[in-house]
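Shown next: start-v2.txt, given as compact mmCIF, C-alpha atoms and all ligand atoms.
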```
# COMPACT_ATOMS: atom_id res chain seq x y z
CA MET A 1 12.52 94.97 -80.06
CA ASN A 2 14.39 98.12 -80.99
CA THR A 3 13.40 100.47 -83.83
CA GLN A 4 16.20 102.46 -85.41
CA VAL A 5 16.48 105.13 -88.08
CA VAL A 6 19.60 104.43 -90.12
CA LEU A 7 21.32 106.50 -92.79
CA ALA A 8 20.53 104.79 -96.09
CA ARG A 9 22.62 107.01 -98.37
CA ARG A 10 24.63 110.19 -98.27
CA PRO A 11 22.44 113.12 -99.31
CA SER A 12 23.45 115.84 -101.68
CA GLY A 13 22.25 119.13 -100.19
CA ILE A 14 19.49 119.04 -97.57
CA ALA A 15 18.78 115.55 -96.17
CA ALA A 16 15.52 114.09 -97.54
CA ALA A 17 13.25 111.46 -95.98
CA THR A 18 14.48 108.97 -98.58
CA ASP A 19 18.04 109.25 -97.26
CA PHE A 20 16.98 107.23 -94.19
CA ARG A 21 15.29 103.89 -93.55
CA ILE A 22 13.67 102.41 -90.47
CA GLU A 23 14.90 99.03 -89.22
CA ARG A 24 13.98 96.72 -86.37
CA SER A 25 16.44 94.68 -84.37
CA ALA A 26 16.80 93.05 -80.94
CA VAL A 27 17.56 95.36 -78.02
CA GLN A 28 21.19 94.87 -76.98
CA SER A 29 21.80 94.09 -73.28
CA PRO A 30 24.34 96.41 -71.64
CA GLY A 31 27.84 95.03 -71.10
CA ASP A 32 30.17 95.98 -68.27
CA GLY A 33 30.33 99.79 -67.92
CA GLN A 34 27.28 100.29 -70.17
CA ILE A 35 23.71 101.42 -69.65
CA LEU A 36 20.48 100.74 -71.52
CA VAL A 37 18.44 103.90 -72.14
CA ARG A 38 14.83 104.00 -73.26
CA ASN A 39 14.63 107.16 -75.34
CA ARG A 40 11.61 109.37 -74.71
CA PHE A 41 12.51 112.34 -76.92
CA LEU A 42 14.76 112.46 -79.97
CA SER A 43 16.22 115.77 -81.03
CA VAL A 44 16.14 117.19 -84.55
CA GLU A 45 18.85 119.73 -85.34
CA PRO A 46 19.64 121.73 -88.46
CA ALA A 47 23.24 120.65 -87.80
CA MET A 48 22.34 117.03 -88.60
CA ARG A 49 22.73 117.93 -92.25
CA GLY A 50 26.41 118.49 -91.53
CA TRP A 51 26.72 115.24 -89.57
CA ILE A 52 25.81 113.19 -92.65
CA ALA A 53 27.39 115.32 -95.36
CA ASP A 54 30.58 114.31 -97.08
CA THR A 55 32.16 117.73 -96.60
CA VAL A 56 34.49 119.24 -94.06
CA GLY A 57 32.82 119.34 -90.65
CA TYR A 58 33.68 119.29 -86.96
CA ALA A 59 32.95 115.54 -86.60
CA PRO A 60 33.34 112.57 -88.96
CA PRO A 61 30.16 111.87 -90.99
CA VAL A 62 27.73 109.16 -89.85
CA PRO A 63 28.63 105.98 -91.80
CA ILE A 64 26.03 104.67 -94.27
CA GLY A 65 23.96 101.94 -92.59
CA SER A 66 24.54 103.31 -89.07
CA VAL A 67 21.93 104.64 -86.67
CA MET A 68 21.49 108.38 -87.24
CA ARG A 69 23.57 110.36 -84.75
CA ALA A 70 21.28 112.37 -82.51
CA LEU A 71 20.94 113.79 -79.07
CA ALA A 72 18.12 112.17 -77.13
CA ALA A 73 16.61 112.25 -73.66
CA GLY A 74 15.46 109.12 -71.90
CA GLU A 75 15.38 106.92 -68.87
CA VAL A 76 18.01 104.42 -67.75
CA VAL A 77 16.26 101.05 -67.66
CA GLU A 78 19.29 98.89 -66.92
CA SER A 79 22.73 99.88 -65.68
CA ARG A 80 26.09 98.16 -65.44
CA HIS A 81 27.83 101.45 -64.67
CA PRO A 82 28.31 102.68 -61.07
CA SER A 83 27.28 106.29 -61.87
CA TYR A 84 23.84 105.43 -63.28
CA ALA A 85 20.82 103.64 -61.85
CA PRO A 86 17.50 102.57 -63.35
CA GLY A 87 15.11 105.51 -63.26
CA ASP A 88 17.80 108.14 -63.88
CA LEU A 89 16.91 110.62 -66.62
CA VAL A 90 19.79 111.30 -68.98
CA THR A 91 20.56 113.15 -72.19
CA GLY A 92 23.24 112.06 -74.59
CA TRP A 93 24.31 110.78 -77.97
CA PHE A 94 21.78 107.98 -78.03
CA GLY A 95 20.79 108.22 -81.71
CA TRP A 96 17.47 108.09 -83.53
CA GLN A 97 16.27 104.83 -81.97
CA ARG A 98 13.94 103.62 -79.22
CA TYR A 99 16.62 101.99 -77.08
CA ALA A 100 20.33 102.82 -76.83
CA THR A 101 22.98 100.62 -75.28
CA VAL A 102 25.87 102.96 -74.59
CA GLY A 103 28.95 103.61 -72.45
CA ALA A 104 29.18 106.59 -70.10
CA GLY A 105 31.00 108.56 -72.81
CA ALA A 106 27.72 108.90 -74.72
CA VAL A 107 25.94 110.55 -71.81
CA VAL A 108 25.94 114.35 -71.91
CA ARG A 109 24.36 114.75 -68.47
CA THR A 110 21.99 113.43 -65.87
CA VAL A 111 18.87 115.57 -65.88
CA VAL A 112 18.46 117.01 -62.41
CA GLU A 113 15.59 119.38 -63.29
CA ARG A 114 12.99 116.69 -62.61
CA ASP A 115 10.33 119.33 -61.89
CA LEU A 116 10.48 120.54 -65.52
CA PRO A 117 9.36 118.67 -68.67
CA LEU A 118 12.06 116.29 -69.91
CA SER A 119 11.71 117.68 -73.45
CA LEU A 120 13.31 120.95 -72.29
CA SER A 121 16.57 119.10 -71.61
CA LEU A 122 17.05 118.85 -75.39
CA GLY A 123 16.10 122.45 -76.14
CA VAL A 124 16.33 125.46 -73.88
CA LEU A 125 18.14 123.37 -71.24
CA GLY A 126 20.17 121.57 -73.90
CA ILE A 127 22.32 122.66 -76.79
CA ASN A 128 19.88 125.31 -78.01
CA GLY A 129 19.74 127.26 -74.74
CA LEU A 130 23.45 126.65 -74.15
CA SER A 131 24.34 127.93 -77.63
CA ALA A 132 22.17 130.99 -77.13
CA TYR A 133 23.60 131.89 -73.73
CA LEU A 134 27.24 130.98 -74.29
CA GLY A 135 27.46 132.22 -77.89
CA LEU A 136 25.83 135.51 -76.99
CA THR A 137 27.71 136.23 -73.77
CA GLN A 138 31.14 134.80 -74.58
CA ILE A 139 31.46 135.80 -78.24
CA GLY A 140 28.81 138.48 -78.74
CA GLN A 141 29.66 140.18 -75.43
CA PRO A 142 26.63 142.50 -75.54
CA VAL A 143 26.65 145.70 -73.50
CA ARG A 144 23.49 147.28 -72.04
CA GLY A 145 21.90 149.63 -74.56
CA GLU A 146 23.42 147.95 -77.61
CA THR A 147 21.38 146.55 -80.50
CA VAL A 148 21.44 142.78 -81.01
CA VAL A 149 20.16 141.33 -84.30
CA VAL A 150 19.27 137.63 -84.45
CA SER A 151 18.57 135.45 -87.51
CA THR A 152 16.20 132.42 -87.20
CA ALA A 153 14.85 134.66 -84.44
CA ALA A 154 11.80 132.52 -83.62
CA GLY A 155 13.68 129.21 -83.57
CA ALA A 156 15.03 127.21 -80.66
CA VAL A 157 18.38 129.03 -80.45
CA GLY A 158 17.21 132.39 -81.80
CA SER A 159 14.23 132.80 -79.47
CA ALA A 160 16.49 132.25 -76.46
CA VAL A 161 19.16 134.65 -77.81
CA GLY A 162 16.56 137.40 -78.19
CA GLN A 163 15.21 136.95 -74.68
CA ILE A 164 18.64 136.71 -73.04
CA ALA A 165 19.88 139.79 -74.90
CA ARG A 166 16.83 141.67 -73.69
CA ARG A 167 17.49 140.59 -70.10
CA LEU A 168 20.98 142.04 -70.53
CA GLY A 169 19.45 145.40 -71.40
CA CYS A 170 19.90 145.29 -75.18
CA ARG A 171 17.50 146.29 -77.96
CA THR A 172 16.61 143.14 -79.88
CA VAL A 173 15.75 142.83 -83.55
CA GLY A 174 14.68 139.50 -85.02
CA ILE A 175 14.75 138.21 -88.60
CA THR A 176 12.59 135.22 -89.39
CA GLY A 177 10.79 133.42 -92.20
CA GLY A 178 7.05 133.86 -91.62
CA ASP A 179 4.50 136.50 -90.65
CA ASP A 180 3.24 134.31 -87.79
CA LYS A 181 6.84 133.94 -86.61
CA VAL A 182 7.24 137.74 -86.69
CA LEU A 183 4.21 138.03 -84.40
CA GLN A 184 5.60 135.34 -82.14
CA CYS A 185 8.92 137.26 -81.95
CA LEU A 186 7.16 140.49 -80.99
CA GLU A 187 4.48 139.14 -78.68
CA HIS A 188 6.02 136.03 -77.16
CA PHE A 189 9.78 136.56 -77.22
CA GLY A 190 9.84 140.31 -76.59
CA TYR A 191 11.79 141.52 -79.64
CA GLU A 192 11.55 145.29 -80.12
CA ALA A 193 11.32 144.79 -83.89
CA ALA A 194 11.03 141.73 -86.12
CA PHE A 195 10.57 141.12 -89.82
CA ASN A 196 9.99 138.41 -92.34
CA TYR A 197 12.95 138.13 -94.72
CA HIS A 198 10.69 136.62 -97.40
CA ASN A 199 8.51 139.70 -97.88
CA THR A 200 10.39 142.76 -96.64
CA ASP A 201 13.23 144.95 -97.81
CA LEU A 202 15.78 143.90 -95.20
CA ASP A 203 18.08 146.87 -95.87
CA ALA A 204 15.27 149.36 -95.29
CA GLU A 205 13.93 147.54 -92.20
CA LEU A 206 17.37 147.21 -90.62
CA THR A 207 18.11 150.88 -91.26
CA ARG A 208 14.86 151.80 -89.49
CA ALA A 209 15.19 149.31 -86.64
CA CYS A 210 18.90 149.85 -85.96
CA PRO A 211 19.56 153.62 -86.20
CA ASP A 212 22.89 153.23 -84.36
CA GLY A 213 23.86 150.14 -86.34
CA VAL A 214 24.10 146.51 -85.25
CA HIS A 215 26.41 145.99 -82.27
CA VAL A 216 25.98 142.22 -82.02
CA TYR A 217 24.78 139.98 -84.84
CA PHE A 218 23.92 136.44 -83.77
CA ASP A 219 24.11 134.75 -87.16
CA ASN A 220 22.24 131.47 -87.61
CA THR A 221 21.84 131.67 -91.39
CA SER A 222 24.66 133.27 -93.36
CA GLY A 223 23.53 134.04 -96.96
CA SER A 224 21.64 137.11 -98.10
CA ILE A 225 20.16 137.80 -94.64
CA SER A 226 23.67 138.17 -93.26
CA ASP A 227 24.79 140.24 -96.25
CA ALA A 228 22.12 142.79 -95.29
CA VAL A 229 23.08 142.77 -91.61
CA HIS A 230 26.80 143.16 -92.36
CA ARG A 231 26.06 146.38 -94.22
CA ARG A 232 24.61 147.79 -90.95
CA LEU A 233 27.36 146.75 -88.53
CA ALA A 234 28.24 149.37 -85.91
CA LEU A 235 31.77 150.39 -85.00
CA GLY A 236 33.36 147.55 -83.00
CA ALA A 237 30.52 145.10 -83.78
CA ARG A 238 30.76 141.42 -82.90
CA VAL A 239 29.34 138.73 -85.20
CA VAL A 240 28.66 135.31 -83.66
CA LEU A 241 28.77 132.66 -86.40
CA CYS A 242 26.48 129.99 -84.99
CA GLY A 243 24.74 128.48 -88.03
CA THR A 244 24.59 128.55 -91.83
CA ALA A 245 20.97 127.50 -92.44
CA ALA A 246 20.69 129.56 -95.65
CA ILE A 247 23.49 127.70 -97.42
CA SER A 248 21.73 124.75 -99.03
CA ASP A 249 24.68 123.18 -100.77
CA TRP A 250 28.28 122.84 -99.63
CA THR A 251 29.54 120.89 -102.63
CA THR A 252 29.87 124.08 -104.64
CA TRP A 253 31.47 126.48 -102.18
CA PRO A 254 29.11 129.46 -101.78
CA THR A 255 30.29 132.86 -102.89
CA GLY A 256 28.60 136.16 -102.26
CA PRO A 257 29.24 139.72 -101.25
CA ARG A 258 32.56 139.91 -99.43
CA VAL A 259 32.39 140.91 -95.81
CA GLU A 260 36.00 141.97 -95.26
CA ARG A 261 35.52 145.65 -96.12
CA HIS A 262 32.62 145.96 -93.64
CA LEU A 263 34.75 144.35 -90.91
CA LEU A 264 37.69 146.61 -91.66
CA VAL A 265 35.74 149.87 -91.84
CA ARG A 266 33.73 149.05 -88.71
CA ARG A 267 36.69 147.43 -86.90
CA ALA A 268 34.28 144.54 -86.29
CA ARG A 269 35.07 140.91 -85.61
CA MET A 270 33.43 137.62 -86.55
CA GLN A 271 34.00 134.41 -84.67
CA GLY A 272 32.78 130.88 -85.19
CA PHE A 273 31.04 129.26 -82.23
CA LEU A 274 30.58 125.57 -81.42
CA VAL A 275 28.63 124.79 -78.28
CA PHE A 276 30.52 121.54 -77.61
CA ASP A 277 33.71 123.55 -76.99
CA HIS A 278 32.07 124.98 -73.87
CA ALA A 279 31.21 121.78 -71.98
CA PRO A 280 32.76 122.93 -68.67
CA ALA A 281 30.17 125.75 -68.57
CA PHE A 282 27.14 123.52 -69.27
CA GLU A 283 25.98 122.74 -65.72
CA SER A 284 26.24 126.29 -64.37
CA THR A 285 24.56 127.69 -67.49
CA ILE A 286 21.71 125.16 -67.38
CA ALA A 287 21.13 126.06 -63.72
CA VAL A 288 20.72 129.73 -64.71
CA LEU A 289 18.44 128.93 -67.67
CA ALA A 290 16.30 126.52 -65.60
CA GLY A 291 15.85 129.23 -62.96
CA TRP A 292 14.56 131.64 -65.60
CA VAL A 293 12.22 128.99 -67.06
CA ARG A 294 10.81 128.20 -63.59
CA ALA A 295 10.27 131.92 -62.93
CA GLY A 296 8.46 132.31 -66.27
CA GLU A 297 11.19 134.70 -67.43
CA LEU A 298 12.44 132.60 -70.36
CA ARG A 299 9.70 131.53 -72.72
CA VAL A 300 9.91 128.37 -74.75
CA ALA A 301 8.23 127.11 -77.91
CA GLU A 302 8.37 123.43 -78.83
CA ASP A 303 7.49 121.73 -82.10
CA ILE A 304 6.88 118.10 -81.14
CA LEU A 305 6.23 115.37 -83.72
CA ASP A 306 4.96 111.98 -82.57
CA GLY A 307 6.51 108.62 -83.37
CA ILE A 308 9.85 107.49 -84.73
CA GLU A 309 8.34 107.35 -88.25
CA ALA A 310 8.46 111.17 -88.20
CA CYS A 311 12.28 111.17 -88.06
CA PRO A 312 13.25 110.72 -91.72
CA ASP A 313 11.50 113.89 -92.96
CA ALA A 314 12.14 115.94 -89.83
CA ILE A 315 15.43 117.56 -90.91
CA ALA A 316 14.05 118.59 -94.30
CA GLY A 317 11.10 120.13 -92.44
CA LEU A 318 13.47 122.44 -90.53
CA TYR A 319 14.83 123.66 -93.86
CA ARG A 320 11.29 124.25 -95.08
CA GLY A 321 10.96 126.48 -92.00
CA GLU A 322 7.86 124.55 -90.87
CA ASN A 323 8.91 124.17 -87.22
CA ARG A 324 7.47 126.50 -84.63
CA GLY A 325 10.14 126.27 -81.92
CA LYS A 326 12.43 123.43 -80.89
CA ARG A 327 11.75 120.38 -83.06
CA LEU A 328 11.59 117.06 -81.21
CA ILE A 329 10.27 113.57 -81.82
CA ARG A 330 8.26 112.11 -78.93
CA LEU A 331 8.41 108.32 -78.56
N1 LIG B 401 27.27 126.29 -83.54
C1 LIG B 401 26.62 125.57 -82.64
O1 LIG B 401 27.18 125.04 -81.69
C2 LIG B 401 25.13 125.40 -82.82
C3 LIG B 401 24.37 124.71 -81.87
C4 LIG B 401 22.98 124.63 -82.09
C5 LIG B 401 22.42 125.21 -83.23
N2 LIG B 401 23.21 125.85 -84.12
C6 LIG B 401 22.67 126.50 -85.31
O2 LIG B 401 21.70 127.44 -84.91
C7 LIG B 401 20.73 127.60 -85.94
C8 LIG B 401 19.35 127.45 -85.35
O3 LIG B 401 19.22 126.13 -84.84
P1 LIG B 401 17.90 125.65 -84.09
O4 LIG B 401 18.16 124.29 -83.59
O5 LIG B 401 17.49 126.72 -83.16
O6 LIG B 401 16.86 125.55 -85.28
P2 LIG B 401 15.53 126.40 -85.50
O7 LIG B 401 15.90 127.84 -85.64
O8 LIG B 401 14.53 126.03 -84.44
O9 LIG B 401 15.02 125.79 -86.87
C9 LIG B 401 15.74 126.02 -88.06
C10 LIG B 401 15.23 127.30 -88.73
O10 LIG B 401 16.15 127.68 -89.74
C11 LIG B 401 15.48 128.57 -90.61
N3 LIG B 401 15.87 128.29 -91.99
C12 LIG B 401 15.74 127.11 -92.64
N4 LIG B 401 16.16 127.25 -93.91
C13 LIG B 401 16.56 128.55 -94.05
C14 LIG B 401 17.08 129.31 -95.12
N5 LIG B 401 17.29 128.79 -96.34
N6 LIG B 401 17.37 130.62 -94.89
C15 LIG B 401 17.18 131.18 -93.70
N7 LIG B 401 16.68 130.51 -92.64
C16 LIG B 401 16.37 129.21 -92.82
C17 LIG B 401 13.98 128.37 -90.39
O11 LIG B 401 13.49 129.50 -89.67
P3 LIG B 401 12.82 130.75 -90.43
O12 LIG B 401 11.43 130.31 -90.80
O13 LIG B 401 12.87 131.83 -89.43
O14 LIG B 401 13.65 131.01 -91.65
C18 LIG B 401 13.92 127.15 -89.48
O15 LIG B 401 12.78 127.16 -88.64
C19 LIG B 401 21.08 126.55 -87.01
O16 LIG B 401 21.80 127.17 -88.03
C20 LIG B 401 21.93 125.57 -86.25
O17 LIG B 401 22.78 124.86 -87.09
C21 LIG B 401 24.56 125.94 -83.95
```
Could you render the structure from this file as structure tokens?
Ligand SMILES: NC(=O)c1ccc[n+]([C@@H]2O[C@H](COP(=O)([O-])OP(=O)(O)OC[C@H]3O[C@@H](n4cnc5c(N)ncnc54)[C@H](OP(=O)(O)O)[C@@H]3O)[C@@H](O)[C@H]2O)c1
Amino acid sequence: MNTQVVLARRPSGIAAATDFRIERSAVQSPGDGQILVRNRFLSVEPAMRGWIADTVGYAPPVPIGSVMRALAAGEVVESRHPSYAPGDLVTGWFGWQRYATVGAGAVVRTVVERDLPLSLSLGVLGINGLSAYLGLTQIGQPVRGETVVVSTAAGAVGSAVGQIARRLGCRTVGITGGDDKVLQCLEHFGYEAAFNYHNTDLDAELTRACPDGVHVYFDNTSGSISDAVHRRLALGARVVLCGTAAISDWTTWPTGPRVERHLLVRRARMQGFLVFDHAPAFESTIAVLAGWVRAGELRVAEDILDGIEACPDAIAGLYRGENRGKRLIRL
């Protein structure tokens, strides 16, 4: 039997556990050109909120009553496709369910790093690590000696951004939502400075930590955190717009301090980033990231919940800031 988490209703604001329901159904045998995957890890992304919202996004919203769209990692148990064989480990758009019967178009990649834990293929060797590396290098374009500020600095994307920026010779400053996360940023992820946006004066801390201004801002939050960083942008700064975690509601369009004057005065630029636009660079980037993980030069934190029953509340948990690293569901 299959167990599936389906979207029960369209949420307003952050998705709640009650917006999903768990159903059981027969496992579907693969047809010609399809594979049957037994999911081992299901991914939980802040972006899932956008995948089910009825607002403008980069993909059509998940229909009510459908299996929740999700990246997952698992093992091919049956194949009617020439490129896949039973025993292959794959990641892809397999959804929040135990078994997925899918065509090759749903597969993101075959996991070749069989010496590393499979869970990493959804985090640092998946869209989180890819977003960090590609967003930072291609849009942020940091130069040795520059200061890179990262929001959600202890999270799956942010922790990798901080470490990669440091490898590139930059000073790194992290902004995060808990005192324990600040410690983790300083001691585990090597940030030069880090602070908790809930209990510090961000303007004062940024002024102290970034005496030459902020050359690259890797923005995962938007909102008041970003308002404070924008005031500190250096001449020619680059802002990577990767996430908007601080905007809880898109039905009333958020307004706030206007950024245009800061961009003009500092001749800075902001650019939106979507990891899926960079698919041709995935394999070569994952090879680099996997090498660093193997060498112990890229540290990883994972926040693993057990059992498919943990899915419905897992997105809301990210927005409560309760995750300590990449959030995954282990089946
Ligand atoms: N554009 C792309 O292609 C792409 C790809 C992957 C991820 N992303 C984005 O990257 C960001 C990080 O994703 P992730 O997967 O690495 O998640 P994550 O950082 O591991 O977890 C989400 C974190 O968001 C923070 N957060 C939640 N509500 C917030 C609020 N109201 N204000 C400020 N921070 C809040 C919390 O950290 P704190 O406790 O530190 O506040 C929470 O732990 C997200 O915005 C995500 O959408 C974008």
* To do: Return the single residue from A:Gly272, A:Gly291, A:Gly243, A:Gly256 that is closest to ligand LIG 401 (chain B), with distances computed using all atoms listed in the file.
  =>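 Distance minimum relative to ligand LIG 401 (chain B) lands on A:Gly243.
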* To do: Find the spatial neighbours of region 217-231 of chain A, counting all atoms listed in the file, within a cut-off of 8 Å - ignore same-chain residues fewer than 4 positions away - and output them as a count of residues only.
  => 28
* Contacts of Gln97 (chain A) at 8 Å (all atoms listed in the file; same-chain gap of 4+ positions) as an NGL selection string -> :A and (2-5 or 39 or 67 or 308)
* Asked: Please, what distance in Å, to one decimal, runs between CA of Glu45 (chain A) and CA of Gly296 (chain A)?
  -> 25.1 Å
Quick one: residues within 12 Å of Gln28 (chain A), all atoms listed in the file counted, chain neighbours fewer than 6 positions away excluded, as an mmCIF file with C-alpha atoms, keeping the file's coordinate frame?
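Saved file result_17.cif follows:
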```cif
data_model
loop_
_atom_site.group_PDB
_atom_site.id
_atom_site.type_symbol
_atom_site.label_atom_id
_atom_site.label_comp_id
_atom_site.auth_asym_id
_atom_site.auth_seq_id
_atom_site.Cartn_x
_atom_site.Cartn_y
_atom_site.Cartn_z
ATOM 1 C CA MET A 1 12.520 94.970 -80.060
ATOM 2 C CA ASN A 2 14.390 98.120 -80.990
ATOM 3 C CA THR A 3 13.400 100.470 -83.830
ATOM 4 C CA GLN A 34 27.280 100.290 -70.170
ATOM 5 C CA ILE A 35 23.710 101.420 -69.650
ATOM 6 C CA LEU A 36 20.480 100.740 -71.520
ATOM 7 C CA VAL A 37 18.440 103.900 -72.140
ATOM 8 C CA ARG A 38 14.830 104.000 -73.260
ATOM 9 C CA GLU A 78 19.290 98.890 -66.920
ATOM 10 C CA ARG A 98 13.940 103.620 -79.220
ATOM 11 C CA TYR A 99 16.620 101.990 -77.080
ATOM 12 C CA ALA A 100 20.330 102.820 -76.830
ATOM 13 C CA THR A 101 22.980 100.620 -75.280
ATOM 14 C CA VAL A 102 25.870 102.960 -74.590
#
```
* To do: Give the answer as one residue: which of A:Ala16, A:Ile329, A:Val157, A:Leu233 has the shortest atom-to-atom distance to Ala132 (chain A), using only C-alpha atoms?
  =>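 Ranked by minimum distance to Ala132 (chain A), first place goes to A:Val157.
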* Nearest to Tyr84 (chain A): which of A:Arg69, A:Arg166, A:Arg109, A:Arg40 is it, counting all atoms listed in the file? ->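 Checking each of A:Arg69, A:Arg166, A:Arg109, A:Arg40 against Tyr84 (chain A), counting all atoms listed in the file, the winner is A:Arg109.
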* Of the listed residues A:Leu116, A:Trp96, A:Ser83, A:Trp250, that which approaches Ala310 (chain A) most closely, counting all atoms listed in the file ->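 Checking each of A:Leu116, A:Trp96, A:Ser83, A:Trp250 against Ala310 (chain A), counting all atoms listed in the file, the winner is A:Trp96.
Between Ile304 (chain A) and the residues A:Leu120, A:Val107, A:Met270, A:Ile52, the shortest atom-to-atom distance, using all atoms listed in the file, involves A:Leu120.
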* To do: Return the single residue from A:Ala153, A:Ala301, A:Ala104, A:Leu125 that is closest to ligand LIG 401 (chain B), with distances computed using only C-alpha atoms and all ligand atoms.
  => A:Ala153
Could you model all heavy atoms for region 294-300 of chain A and present them as a tab-separated table (two decimals), in the coordinates of the input?
```tsv
chain	number	residue	atom	x	y	z
A	294	ARG	N	11.71	128.40	-64.75
A	294	ARG	CA	10.81	128.20	-63.59
A	294	ARG	C	10.11	129.50	-63.22
A	294	ARG	O	8.94	129.51	-62.86
A	294	ARG	CB	11.61	127.73	-62.38
A	294	ARG	CG	12.01	126.29	-62.46
A	294	ARG	CD	12.57	125.81	-61.12
A	294	ARG	NE	13.14	124.50	-61.31
A	294	ARG	CZ	14.45	124.25	-61.48
A	294	ARG	NH1	15.33	125.23	-61.43
A	294	ARG	NH2	14.86	123.02	-61.66
A	295	ALA	N	10.84	130.62	-63.32
A	295	ALA	CA	10.27	131.92	-62.93
A	295	ALA	C	9.39	132.50	-64.04
A	295	ALA	O	8.84	133.59	-63.87
A	295	ALA	CB	11.42	132.88	-62.60
A	296	GLY	N	9.27	131.81	-65.15
A	296	GLY	CA	8.46	132.31	-66.27
A	296	GLY	C	9.14	133.45	-67.00
A	296	GLY	O	8.50	134.21	-67.72
A	297	GLU	N	10.46	133.58	-66.82
A	297	GLU	CA	11.19	134.70	-67.43
A	297	GLU	C	11.90	134.32	-68.73
A	297	GLU	O	12.51	135.16	-69.38
A	297	GLU	CB	12.22	135.25	-66.42
A	297	GLU	CG	11.56	135.88	-65.22
A	297	GLU	CD	12.54	136.15	-64.09
A	297	GLU	OE1	13.75	135.99	-64.30
A	297	GLU	OE2	12.08	136.52	-63.00
A	298	LEU	N	11.86	133.04	-69.08
A	298	LEU	CA	12.44	132.60	-70.36
A	298	LEU	C	11.39	131.71	-71.00
A	298	LEU	O	11.07	130.64	-70.52
A	298	LEU	CB	13.74	131.83	-70.11
A	298	LEU	CG	14.49	131.31	-71.34
A	298	LEU	CD1	14.83	132.43	-72.32
A	298	LEU	CD2	15.78	130.60	-70.92
A	299	ARG	N	10.81	132.23	-72.08
A	299	ARG	CA	9.70	131.53	-72.72
A	299	ARG	C	10.21	130.54	-73.75
A	299	ARG	O	11.23	130.79	-74.41
A	299	ARG	CB	8.76	132.52	-73.37
A	299	ARG	CG	8.04	133.35	-72.35
A	299	ARG	CD	7.21	134.36	-73.04
A	299	ARG	NE	6.12	134.80	-72.17
A	299	ARG	CZ	5.09	135.50	-72.59
A	299	ARG	NH1	4.99	135.83	-73.86
A	299	ARG	NH2	4.16	135.87	-71.75
A	300	VAL	N	9.46	129.47	-73.91
A	300	VAL	CA	9.91	128.37	-74.75
A	300	VAL	C	8.80	128.00	-75.73
A	300	VAL	O	7.63	128.02	-75.37
A	300	VAL	CB	10.20	127.14	-73.86
A	300	VAL	CG1	10.63	125.96	-74.70
A	300	VAL	CG2	11.26	127.47	-72.81
```
